[in-house]
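For reference, the structure discussed in these notes is given below.
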Amino acid sequence: MLILLAAIFVVHIIGIILLLVATIDNAWWMTDTISTDVWARWNLMNNVWNLTDIPTGSHYPQDYLQAVQASSVLACIFSILGIFVFVAQLFTLEKGQRFTISGVFQLLACLCIMIAASIYTDIFHKDENDGWYGHCYILAWISFALTFISSVTYFVLRKKTA
């Protein structure tokens with residue numbers, strides 16, 4: 001059981017790292033000269049990357065962009081809270097009650113990053129043909145899967161002895 005708990009802890013930490021990279025790094029949408037994330041845009045001019053604001057208008061509706069930003073940050077917060085609750089529950093709660101709260105936090109993180117990535121997919125860059133989704137966008141979907149697996153595992157483990 002100790003190996004299983006360690007493996008779950010490692011999966012949870014990997015999920016947190018992926019969530020943080022997906023939220024902070026600058027590669028949700030890329031072209032040869034532009035790298036865009038949910039916070040800003042980098043333009044390549046004269047072989048130098050320049051930080052600019054994300055343009056406003058029909059391609060970047062601000063309310064949807066703020067929803068993506070907020071959901072990404074909430075996913076990170078819920079997942080980090082989940083790891084602290086996981087460790088605390090190991091030592092404080094009785095068998096049968098452990099891991100429920102950390103499972104709920106992971107489920108909330110899973111839903112938040114799914115909302116962020118889904119909104120970004122549906123609203124932004126639909127009419128653009130010359131770009132591609134960057135590694136942060138892909139990491140967001142991978143972290144969705146990891147947080148979902150972690151959440152389900154916590155709910156299954158709540159009945160096991162630890």
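If you're wondering about the labels, chains in the structure tokens are A, B, ... by order shown, residues count from 1 in each chain, ligands from 1 in order shown.
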
| request: Identify, on the basis of only C-alpha atoms, every residue whose closest approach to Cys76 of chain A does not exceed 9 Å; exclude the query and any residue fewer than 6 positions from it along the same chain; express the result as a VMD selection string. | output: chain A and resid 16 to 17 19 to 20 23 109 112 to 113

| task | Quick one: everything within 10 Å of Leu5 of chain A, counting only C-alpha atoms, minus sequence neighbours fewer than 2 positions away in the same chain. Send it as number ranges by chain. | result | A: 1-3, 7-11, 86, 90, 154, 157, 162

The selected residues should be written to file as an mmCIF file, in the first residue's frame (atoms: C-alpha atoms).
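result-v7.cif written:
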data_model
loop_
_atom_site.group_PDB
_atom_site.id
_atom_site.type_symbol
_atom_site.label_atom_id
_atom_site.label_comp_id
_atom_site.auth_asym_id
_atom_site.auth_seq_id
_atom_site.Cartn_x
_atom_site.Cartn_y
_atom_site.Cartn_z
ATOM 1 C CA MET A 1 0.000 0.000 0.000
ATOM 2 C CA LEU A 2 2.918 2.317 0.706
ATOM 3 C CA ILE A 3 4.142 1.953 -2.889
ATOM 4 C CA ALA A 7 2.863 6.406 -6.846
ATOM 5 C CA ILE A 8 -0.309 8.447 -6.348
ATOM 6 C CA PHE A 9 1.729 11.198 -4.709
ATOM 7 C CA VAL A 10 4.113 11.254 -7.687
ATOM 8 C CA VAL A 11 1.223 11.365 -10.197
ATOM 9 C CA PHE A 86 -3.749 14.312 0.852
ATOM 10 C CA LEU A 90 -2.968 10.296 5.845
ATOM 11 C CA TYR A 154 -8.475 8.909 -4.470
ATOM 12 C CA LEU A 157 -8.652 4.419 -2.224
ATOM 13 C CA ALA A 162 -3.623 2.806 4.433
#

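Proximity to Val68 of chain A was assessed for A:Leu146, A:Met114, A:Ala40, A:Ile34 counting only C-alpha atoms; the smallest distance is recorded for A:Met114.
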
| query | Hey, what's within 12 Å of Val87 of chain A if we count only C-alpha atoms and toss same-chain stuff fewer than 4 positions away? As an MDAnalysis selection string, please? | reply | chainID A and resid 5:6 8:9 12 80:83 91:93 98:99 101:102

| task | For Leu108 of chain A, please output as a ChimeraX atom specification all residues within 10 Å (counting only C-alpha atoms; exclusion window: fewer than 2 positions along the same chain). | result | /A:74-75,77-79,82,102-106,110-114,147-148,151

| said: Can you pull out the residues contacting Ser35 of chain A? Cut-off 10 Å, using only C-alpha atoms, and skip same-chain residues under 3 positions away; I want them as a count of residues only. | reply: 18
